[in-house]
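What follows is upload.cif (mmCIF, C-alpha atoms).
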```cif
data_structure
loop_
_atom_site.label_atom_id
_atom_site.label_comp_id
_atom_site.auth_asym_id
_atom_site.auth_seq_id
_atom_site.Cartn_x
_atom_site.Cartn_y
_atom_site.Cartn_z
CA MET A 1 118.18 90.88 79.80
CA GLY A 2 121.54 92.18 80.83
CA ASN A 3 122.98 94.73 83.19
CA LYS A 4 121.55 95.61 86.57
CA SER A 5 121.71 98.99 88.23
CA SER A 6 120.61 100.37 91.58
CA SER A 7 116.95 101.28 91.81
CA PRO A 8 116.21 104.92 90.88
CA ALA A 9 113.20 106.87 92.18
CA ARG A 10 109.68 106.35 90.91
CA ILE A 11 108.30 108.80 88.34
CA PRO A 12 106.53 111.60 90.27
CA ALA A 13 102.75 111.44 90.19
CA HIS A 14 100.91 114.25 88.39
CA PRO A 15 99.24 116.61 90.92
CA ALA A 16 95.85 115.90 89.35
CA GLY A 17 96.56 112.23 88.72
CA GLN A 18 96.83 112.66 84.93
CA THR A 19 98.65 110.00 82.90
CA MET A 20 100.02 109.51 79.39
CA LYS A 21 101.33 106.82 77.08
CA ALA A 22 105.09 106.49 76.56
CA VAL A 23 107.64 104.02 75.15
CA CYS A 24 109.48 102.81 78.25
CA PHE A 25 112.12 100.43 79.55
CA SER A 26 112.98 99.34 83.07
CA SER A 27 116.07 101.13 84.35
CA SER A 28 116.92 98.11 86.50
CA ALA A 29 116.92 95.61 83.61
CA PHE A 30 118.53 96.91 80.43
CA GLY A 31 118.38 95.03 77.15
CA ASP A 32 117.69 95.28 73.43
CA ALA A 33 114.61 96.43 71.53
CA ASP A 34 112.54 93.78 73.28
CA ALA A 35 113.07 95.69 76.54
CA LEU A 36 110.81 98.46 75.19
CA SER A 37 107.03 98.62 75.53
CA VAL A 38 104.23 101.18 75.59
CA GLN A 39 103.28 101.94 79.19
CA THR A 40 100.89 104.29 80.97
CA ILE A 41 102.89 106.57 83.27
CA PRO A 42 102.30 109.88 85.09
CA LYS A 43 102.04 112.88 82.77
CA PRO A 44 104.89 115.37 83.32
CA PHE A 45 104.03 118.79 84.69
CA VAL A 46 105.57 122.24 84.96
CA SER A 47 107.17 122.65 88.37
CA LYS A 48 109.68 125.48 87.74
CA GLY A 49 109.36 128.99 86.39
CA LEU A 50 111.39 128.37 83.24
CA GLU A 51 109.84 125.04 82.26
CA VAL A 52 107.51 124.39 79.34
CA LEU A 53 105.03 121.53 78.83
CA VAL A 54 104.89 120.36 75.22
CA LYS A 55 102.27 118.12 73.64
CA VAL A 56 104.32 115.83 71.41
CA HIS A 57 103.26 115.61 67.75
CA ALA A 58 106.34 113.72 66.54
CA CYS A 59 109.56 112.35 68.00
CA ALA A 60 112.74 110.85 66.57
CA LEU A 61 115.34 108.24 67.40
CA ASN A 62 119.14 108.38 67.38
CA PRO A 63 121.91 105.79 67.85
CA ILE A 64 122.36 107.01 71.44
CA ASP A 65 118.90 105.59 72.21
CA LYS A 66 120.16 102.09 71.49
CA LEU A 67 123.07 102.65 73.88
CA ARG A 68 120.69 103.94 76.53
CA VAL A 69 118.41 100.90 76.37
CA LYS A 70 121.45 98.63 76.65
CA GLY A 71 122.60 100.47 79.78
CA SER A 72 125.83 101.66 78.13
CA LEU A 73 125.33 105.24 79.36
CA ASN A 74 124.47 104.38 82.93
CA LEU A 75 127.91 104.98 84.43
CA LEU A 76 128.05 108.53 83.08
CA ARG A 77 124.35 109.38 82.93
CA PRO A 78 122.31 107.24 85.35
CA GLU A 79 118.59 106.99 84.78
CA GLU A 80 116.58 109.38 86.96
CA TYR A 81 113.56 107.12 87.36
CA ASP A 82 112.72 103.44 87.63
CA MET A 83 110.96 103.61 84.25
CA GLY A 84 113.01 105.23 81.50
CA VAL A 85 111.27 106.93 78.56
CA LEU A 86 113.20 106.57 75.31
CA GLY A 87 114.25 109.40 73.01
CA TYR A 88 115.59 112.97 72.97
CA ASP A 89 114.11 114.67 69.88
CA VAL A 90 110.62 116.22 69.92
CA SER A 91 108.42 118.47 67.82
CA GLY A 92 105.09 119.59 69.20
CA VAL A 93 102.88 122.36 70.57
CA VAL A 94 103.30 124.29 73.81
CA GLU A 95 100.50 123.41 76.25
CA GLU A 96 101.69 125.23 79.38
CA VAL A 97 104.49 127.60 80.33
CA GLY A 98 106.15 128.40 83.65
CA ALA A 99 105.65 131.72 85.38
CA ASN A 100 108.98 133.13 84.14
CA VAL A 101 108.72 132.09 80.48
CA ASN A 102 108.42 135.11 78.17
CA ASP A 103 109.55 133.94 74.73
CA PHE A 104 107.06 131.11 74.26
CA ALA A 105 103.29 130.93 74.64
CA VAL A 106 100.57 128.29 74.69
CA GLY A 107 99.92 127.18 71.11
CA ASP A 108 103.44 127.81 69.79
CA GLU A 109 104.85 125.07 67.58
CA VAL A 110 108.29 124.14 68.89
CA PHE A 111 111.07 121.57 68.59
CA VAL A 112 113.72 120.53 71.06
CA ARG A 113 116.56 118.22 71.96
CA LEU A 114 115.74 117.25 75.52
CA MET A 115 118.43 117.52 78.18
CA GLY A 116 119.06 114.99 80.93
CA MET A 117 117.64 111.58 81.69
CA LYS A 118 114.18 112.37 83.08
CA TYR A 119 111.28 112.19 80.64
CA GLY A 120 112.14 111.01 77.15
CA ALA A 121 110.72 111.99 73.77
CA LEU A 122 108.67 108.90 72.85
CA ALA A 123 105.65 110.04 74.79
CA GLU A 124 102.48 112.09 74.52
CA TYR A 125 103.96 114.96 76.58
CA VAL A 126 107.38 116.25 77.62
CA VAL A 127 108.60 118.97 79.96
CA CYS A 128 111.75 120.87 79.06
CA GLU A 129 113.71 123.95 80.07
CA VAL A 130 112.98 127.03 77.96
CA GLU A 131 116.69 127.37 77.07
CA GLU A 132 116.50 124.07 75.17
CA LEU A 133 113.52 125.12 73.06
CA ALA A 134 113.18 126.75 69.63
CA LYS A 135 110.25 127.70 67.38
CA LYS A 136 109.50 125.07 64.74
CA PRO A 137 109.93 126.27 61.15
CA LYS A 138 106.48 126.89 59.70
CA ASN A 139 107.19 125.27 56.35
CA ILE A 140 108.01 121.76 57.60
CA SER A 141 105.96 119.07 59.31
CA HIS A 142 106.38 117.98 62.93
CA SER A 143 107.97 114.73 61.71
CA GLN A 144 110.48 116.67 59.63
CA ALA A 145 111.22 118.98 62.56
CA ALA A 146 111.65 116.11 65.04
CA ALA A 147 114.34 114.65 62.79
CA ILE A 148 116.60 117.66 63.30
CA PRO A 149 117.54 118.64 66.88
CA LEU A 150 120.14 116.11 68.05
CA VAL A 151 121.86 115.63 64.70
CA GLY A 152 121.69 119.31 63.78
CA LEU A 153 123.10 120.50 67.09
CA THR A 154 125.79 117.83 67.10
CA ALA A 155 126.95 118.69 63.59
CA LEU A 156 126.87 122.46 64.10
CA GLN A 157 128.77 122.34 67.40
CA ALA A 158 131.35 119.84 66.12
CA LEU A 159 132.01 121.80 62.93
CA ARG A 160 132.35 125.04 64.85
CA ARG A 161 134.70 123.38 67.32
CA GLY A 162 136.73 122.28 64.31
CA GLY A 163 137.03 125.89 63.19
CA VAL A 164 135.00 125.50 59.99
CA LYS A 165 134.39 128.86 58.35
CA GLU A 166 134.04 130.42 54.91
CA GLY A 167 136.48 128.76 52.54
CA SER A 168 137.22 125.73 54.76
CA LYS A 169 137.94 122.31 53.34
CA VAL A 170 136.07 119.65 55.37
CA PHE A 171 135.92 115.85 55.53
CA ILE A 172 132.75 114.36 57.05
CA HIS A 173 132.80 110.59 57.44
CA CYS A 174 129.59 108.65 56.61
CA GLY A 175 127.55 111.38 54.98
CA ALA A 176 124.33 109.40 54.55
CA GLY A 177 123.65 109.07 58.27
CA GLY A 178 121.55 111.50 60.27
CA ILE A 179 124.54 113.55 61.49
CA GLY A 180 126.53 113.26 58.27
CA SER A 181 123.72 114.36 55.95
CA ILE A 182 122.86 117.47 57.92
CA GLY A 183 126.54 118.08 58.69
CA ILE A 184 127.29 118.41 54.97
CA GLN A 185 124.51 120.99 54.64
CA ILE A 186 125.53 122.96 57.74
CA ALA A 187 129.14 123.05 56.59
CA LYS A 188 128.18 124.30 53.13
CA LYS A 189 125.17 126.53 53.81
CA MET A 190 125.60 127.85 57.35
CA LEU A 191 129.38 127.94 57.76
CA LYS A 192 130.21 128.54 54.07
CA ALA A 193 132.83 125.79 53.68
CA SER A 194 134.13 125.78 50.12
CA TYR A 195 134.63 122.01 49.84
CA VAL A 196 133.08 119.03 51.65
CA CYS A 197 134.13 115.44 51.02
CA THR A 198 132.32 112.44 52.50
CA THR A 199 131.95 108.66 52.29
CA ALA A 200 128.85 106.63 51.43
CA SER A 201 127.63 103.40 49.94
CA PRO A 202 126.43 103.44 46.32
CA GLY A 203 122.72 103.95 45.66
CA LEU A 204 120.57 105.66 48.28
CA GLY A 205 123.53 106.65 50.46
CA THR A 206 125.29 108.41 47.62
CA ASP A 207 122.00 110.01 46.54
CA ILE A 208 121.48 111.51 50.01
CA CYS A 209 125.03 112.92 50.04
CA THR A 210 124.56 114.42 46.58
CA LYS A 211 121.31 116.09 47.63
CA ALA A 212 123.04 117.36 50.78
CA GLY A 213 125.61 119.12 48.61
CA ALA A 214 128.80 117.07 49.03
CA ASP A 215 131.53 118.02 46.55
CA LYS A 216 133.15 114.58 46.56
CA ILE A 217 131.68 111.22 47.64
CA ILE A 218 133.95 108.24 48.20
CA ASN A 219 132.34 104.81 47.74
CA TYR A 220 133.58 103.14 50.92
CA ARG A 221 132.74 99.68 49.59
CA GLU A 222 135.33 100.03 46.83
CA GLU A 223 137.76 102.70 48.06
CA ASP A 224 139.61 103.42 51.30
CA PHE A 225 139.26 107.10 52.21
CA VAL A 226 142.65 106.94 53.96
CA GLU A 227 144.38 106.14 50.65
CA VAL A 228 142.22 108.36 48.44
CA LEU A 229 142.63 111.43 50.65
CA ASP A 230 146.20 111.06 51.87
CA GLY A 231 147.84 114.48 51.72
CA ALA A 232 144.56 116.22 50.85
CA ASP A 233 145.14 119.00 53.42
CA PHE A 234 141.72 119.27 55.05
CA ASP A 235 141.13 122.04 57.58
CA MET A 236 138.84 119.78 59.58
CA ALA A 237 137.90 116.10 59.72
CA PHE A 238 134.63 115.19 61.45
CA ASP A 239 134.76 111.65 62.85
CA THR A 240 131.32 110.11 63.31
CA MET A 241 132.43 106.44 63.28
CA ASN A 242 135.39 106.18 65.68
CA GLN A 243 138.00 106.31 62.93
CA SER A 244 139.96 109.35 64.08
CA ALA A 245 143.20 107.35 64.27
CA GLN A 246 143.03 106.91 60.47
CA MET A 247 142.53 110.59 59.68
CA GLY A 248 145.94 112.09 60.40
CA GLY A 249 147.04 111.92 56.77
CA LEU A 250 144.04 114.02 55.72
CA LEU A 251 144.92 117.06 57.82
CA LYS A 252 146.81 120.18 56.89
CA ALA A 253 149.12 121.73 59.46
CA GLY A 254 146.92 123.40 62.05
CA GLY A 255 143.95 121.24 61.09
CA LYS A 256 141.67 119.54 63.55
CA ILE A 257 139.96 116.17 63.97
CA VAL A 258 136.76 116.40 66.01
CA SER A 259 135.15 113.15 67.13
CA ILE A 260 131.75 112.27 68.57
CA SER A 261 132.33 108.52 68.44
CA GLY A 262 134.35 106.06 70.49
CA ASN A 263 135.70 106.64 73.98
CA PRO A 264 135.00 110.13 75.36
CA THR A 265 137.67 112.09 77.17
CA ILE A 266 137.65 113.38 80.72
CA GLU A 267 137.81 116.91 79.31
CA ALA A 268 134.65 116.34 77.25
CA ILE A 269 132.78 115.00 80.28
CA ASP A 270 133.84 117.92 82.45
CA GLU A 271 132.82 120.43 79.77
CA VAL A 272 129.18 119.29 79.80
CA GLY A 273 129.02 118.88 83.55
CA MET A 274 128.68 115.11 83.78
CA SER A 275 129.56 113.51 87.08
CA ALA A 276 132.13 110.73 86.86
CA SER A 277 133.60 108.76 89.74
CA LEU A 278 137.34 108.41 90.26
CA MET A 279 137.08 104.84 88.98
CA VAL A 280 135.36 105.97 85.78
CA ARG A 281 137.93 108.74 85.30
CA ALA A 282 140.76 106.23 85.75
CA ILE A 283 139.22 103.93 83.15
CA MET A 284 138.76 106.81 80.73
CA PHE A 285 142.37 107.82 81.17
CA MET A 286 143.50 104.28 80.32
CA ILE A 287 141.30 103.94 77.22
CA ARG A 288 141.88 107.45 75.90
CA ASN A 289 142.27 107.55 72.11
CA ARG A 290 145.99 108.29 72.13
CA ALA A 291 146.36 106.92 68.61
CA ALA A 292 144.10 109.72 67.33
CA GLU A 293 146.01 112.34 69.30
CA LYS A 294 149.29 110.99 67.92
CA VAL A 295 148.32 111.04 64.24
CA ALA A 296 146.80 114.51 64.54
CA SER A 297 149.89 115.83 66.30
CA LYS A 298 152.16 114.27 63.66
CA ALA A 299 150.23 116.20 61.00
CA GLY A 300 150.72 119.43 62.94
CA GLY A 301 147.09 119.44 64.03
CA SER A 302 144.96 118.33 66.97
CA TRP A 303 142.27 115.86 67.99
CA GLU A 304 139.34 116.48 70.30
CA TYR A 305 136.26 114.59 71.50
CA ILE A 306 133.08 116.56 72.17
CA PHE A 307 129.57 116.02 73.48
CA MET A 308 126.68 117.97 72.03
CA SER A 309 125.02 120.47 74.40
CA PRO A 310 121.28 121.10 73.96
CA SER A 311 120.82 124.73 72.94
CA GLY A 312 117.66 126.53 71.90
CA LYS A 313 119.83 129.34 70.53
CA ASP A 314 121.75 127.02 68.19
CA LEU A 315 118.54 125.23 67.23
CA ALA A 316 116.85 128.53 66.36
CA GLU A 317 119.81 129.35 64.10
CA ILE A 318 119.37 126.02 62.31
CA ALA A 319 115.62 126.68 62.09
CA GLY A 320 116.25 129.76 59.99
CA PHE A 321 118.02 127.67 57.35
CA LEU A 322 115.29 125.01 57.49
CA GLU A 323 112.67 127.70 56.90
CA SER A 324 114.58 129.13 53.95
CA GLY A 325 114.86 125.64 52.44
CA GLU A 326 118.67 125.71 52.43
CA ILE A 327 118.83 122.78 54.88
CA LYS A 328 116.54 119.75 55.11
CA GLY A 329 116.37 116.54 57.10
CA PHE A 330 116.27 113.07 55.56
CA ILE A 331 113.72 110.62 56.95
CA ASP A 332 114.22 106.89 56.49
CA THR A 333 111.26 105.46 58.42
CA GLU A 334 108.15 107.02 59.94
CA ALA A 335 106.06 104.97 62.38
CA PRO A 336 102.41 106.16 62.26
CA SER A 337 101.81 106.10 66.04
CA LEU A 338 103.40 105.45 69.43
CA ASP A 339 101.73 102.03 69.49
CA GLU A 340 103.62 101.16 66.29
CA PHE A 341 106.96 102.47 67.57
CA ARG A 342 108.74 99.21 66.69
CA LEU A 343 108.72 100.11 62.99
CA ALA A 344 111.12 102.95 63.76
CA VAL A 345 113.01 101.27 66.61
CA ASP A 346 113.72 98.08 64.67
CA LYS A 347 115.08 100.05 61.71
CA LEU A 348 117.33 102.17 63.92
CA PHE A 349 118.57 99.18 65.92
CA SER A 350 119.34 97.31 62.68
CA GLY A 351 122.01 99.88 61.82
CA ARG A 352 120.75 100.04 58.23
CA SER A 353 118.81 103.31 58.29
CA LYS A 354 119.68 106.08 55.84
CA GLY A 355 118.46 109.27 57.44
CA LYS A 356 116.27 109.49 60.55
CA CYS A 357 113.70 107.15 62.09
CA VAL A 358 110.72 109.10 63.42
CA ILE A 359 107.41 108.38 65.13
CA LYS A 360 104.22 110.33 64.53
CA VAL A 361 102.34 110.85 67.80
CA VAL A 362 99.46 113.17 66.76
#
```

So that I can check it, write out the structure of this file as structure tokens.
Amino acid sequence: MGNKSSSPARIPAHPAGQTMKAVCFSSSAFGDADALSVQTIPKPFVSKGLEVLVKVHACALNPIDKLRVKGSLNLLRPEEYDMGVLGYDVSGVVEEVGANVNDFAVGDEVFVRLMGMKYGALAEYVVCEVEELAKKPKNISHSQAAAIPLVGLTALQALRRGGVKEGSKVFIHCGAGGIGSIGIQIAKKMLKASYVCTTASPGLGTDICTKAGADKIINYREEDFVEVLDGADFDMAFDTMNQSAQMGGLLKAGGKIVSISGNPTIEAIDEVGMSASLMVRAIMFMIRNRAAEKVASKAGGSWEYIFMSPSGKDLAEIAGFLESGEIKGFIDTEAPSLDEFRLAVDKLFSGRSKGKCVIKVV
């Protein structure tokens, strides 16, 4: 089933021998969706003062999960344990808090984008650091909340890195996806951009972008955004599909292209504290997206690659707009239980989802 890696440690046993169900894959034999199965593994437990144990009510998938199962992340983010648990996005209820946790209590409804490669989201329980956690908005379901963390944080941090503020003119590629659809809303509602243009397919994709508040939607099946938007003088272009090298003509002088897709840079890896060997750094130097840097520089602007950083503070800020109804997530597929996880996984892995694929756990 594909790549092999060195054998990581076994998942630590629970002190009382408690177990849970989780959607797992072997970290020594990566593969496709068929590498995933529901397994019984040790239940995670609070072992540090600022950790929180959360009973998962819903979890969500993202394209990065497909890369993880295939082993594509293993050079930069090796699996911690011999059995990897899929997923990063969780909504649930606090079951236990560490001795130094003051802002959360047992019974609180919370949501989180998990950090690291230990326990994943597609499970009955997760443990996370308190700094990653935020209170779930009261007016949305756990499934709706689980659909938000990774895409919301990624969009907010990328748009801020791009300097988006009140009055900005923004291009967001592929607006019907999980990041694009919430990115449009964050740009308009949170950061007060005056104009947001995006691309989408006709039908459901365009409908999602319209509901998100896009000012202009380019039908990518019939029009090339490069030609339509040449000379449009955008303050920021948000690249979600590794097309930064085509976006130079969109920028105004001083504008910025921010990418989350394609080959990351050494600077981006260093910023989030990833460890990379000299060999990996040499490879990254050779495959750096110099074409994107060149077109941005020619326009009098700049190009940058970023990784999202899990942040309870940023997530709490997004939660306020979810609670007011100004921002909402779009769900494509909801699997009714962990045992039926393949409904969500197969849709995500197909590349045809519009909005998020979530799994109801409780």

Once you add 3 Å to each side, what are the centre and edge lengths of the axis-aligned box holding all listed atoms of region 121-131 of chain A? One decimal in Å, as JSON, if you can.
```
{"center_x": 109.6, "center_y": 118.1, "center_z": 76.5, "size_x": 20.2, "size_y": 24.5, "size_z": 13.2}
```

- Query: Given the file above and the PyMOL selection byres ((chain A and resi 195) around 8), which residues are selected, and can you give them as number ranges by chain?
  - Reply: A: 167-170, 188, 193-194, 196-197, 214-215

- Item | Residues within 6 Å of Cys24 (chain A), all atoms listed in the file, excluding chain neighbours under 5 positions, as a list in words | Leu36, Ser37, Gly84 and Val85 of chain A

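Surrounding residues of (140.2, 117.8, 80.5) at most 12 Å away are Pro264, Thr265, Ile266, Glu267, Ala268, Ile269, Asp270, Glu271, Val272, Gly273, Arg281, Met284, Phe285, Arg288, Glu304, Tyr305 and Ile306 of chain A (based on all atoms listed in the file).
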
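With all atoms listed in the file as the atoms that count, the residue of A:Pro42, A:Lys328, A:Arg160, A:Asp34 with the shortest distance to Pro15 (chain A) is A:Pro42.
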
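If you look at CA of Leu86 (chain A) and CA of Leu133 (chain A), they are 18.7 Å away from each other.
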
- Message: Quick one: residues within 6 Å of region 94-107 of chain A, only C-alpha atoms, excluding same-chain residues fewer than 3 positions away - as a PyMOL selection string?
- Response: chain A and resi 49-54

Can you give me, as a PDB file with C-alpha atoms, keeping the file's coordinate frame, the residues this file yields under the PyMOL selection byres ((chain A and resi 27) around 10)?
```
ATOM      1  CA  ASN A   3     122.980  94.730  83.190  1.00  0.00           C
ATOM      2  CA  LYS A   4     121.550  95.610  86.570  1.00  0.00           C
ATOM      3  CA  SER A   5     121.710  98.990  88.230  1.00  0.00           C
ATOM      4  CA  SER A   6     120.610 100.370  91.580  1.00  0.00           C
ATOM      5  CA  SER A   7     116.950 101.280  91.810  1.00  0.00           C
ATOM      6  CA  PRO A   8     116.210 104.920  90.880  1.00  0.00           C
ATOM      7  CA  CYS A  24     109.480 102.810  78.250  1.00  0.00           C
ATOM      8  CA  PHE A  25     112.120 100.430  79.550  1.00  0.00           C
ATOM      9  CA  SER A  26     112.980  99.340  83.070  1.00  0.00           C
ATOM     10  CA  SER A  28     116.920  98.110  86.500  1.00  0.00           C
ATOM     11  CA  ALA A  29     116.920  95.610  83.610  1.00  0.00           C
ATOM     12  CA  PHE A  30     118.530  96.910  80.430  1.00  0.00           C
ATOM     13  CA  GLY A  31     118.380  95.030  77.150  1.00  0.00           C
ATOM     14  CA  ALA A  35     113.070  95.690  76.540  1.00  0.00           C
ATOM     15  CA  ARG A  68     120.690 103.940  76.530  1.00  0.00           C
ATOM     16  CA  VAL A  69     118.410 100.900  76.370  1.00  0.00           C
ATOM     17  CA  LYS A  70     121.450  98.630  76.650  1.00  0.00           C
ATOM     18  CA  GLY A  71     122.600 100.470  79.780  1.00  0.00           C
ATOM     19  CA  ASN A  74     124.470 104.380  82.930  1.00  0.00           C
ATOM     20  CA  PRO A  78     122.310 107.240  85.350  1.00  0.00           C
ATOM     21  CA  GLU A  79     118.590 106.990  84.780  1.00  0.00           C
ATOM     22  CA  GLU A  80     116.580 109.380  86.960  1.00  0.00           C
ATOM     23  CA  TYR A  81     113.560 107.120  87.360  1.00  0.00           C
ATOM     24  CA  ASP A  82     112.720 103.440  87.630  1.00  0.00           C
ATOM     25  CA  MET A  83     110.960 103.610  84.250  1.00  0.00           C
ATOM     26  CA  GLY A  84     113.010 105.230  81.500  1.00  0.00           C
ATOM     27  CA  VAL A  85     111.270 106.930  78.560  1.00  0.00           C
TER      28      VAL A  85
END
```

- Query: Which is closest to Ala145 (chain A) among A:Asp233, A:Glu293, A:Asp89, A:Glu166, if we use all atoms listed in the file?
  - Reply: A:Asp89
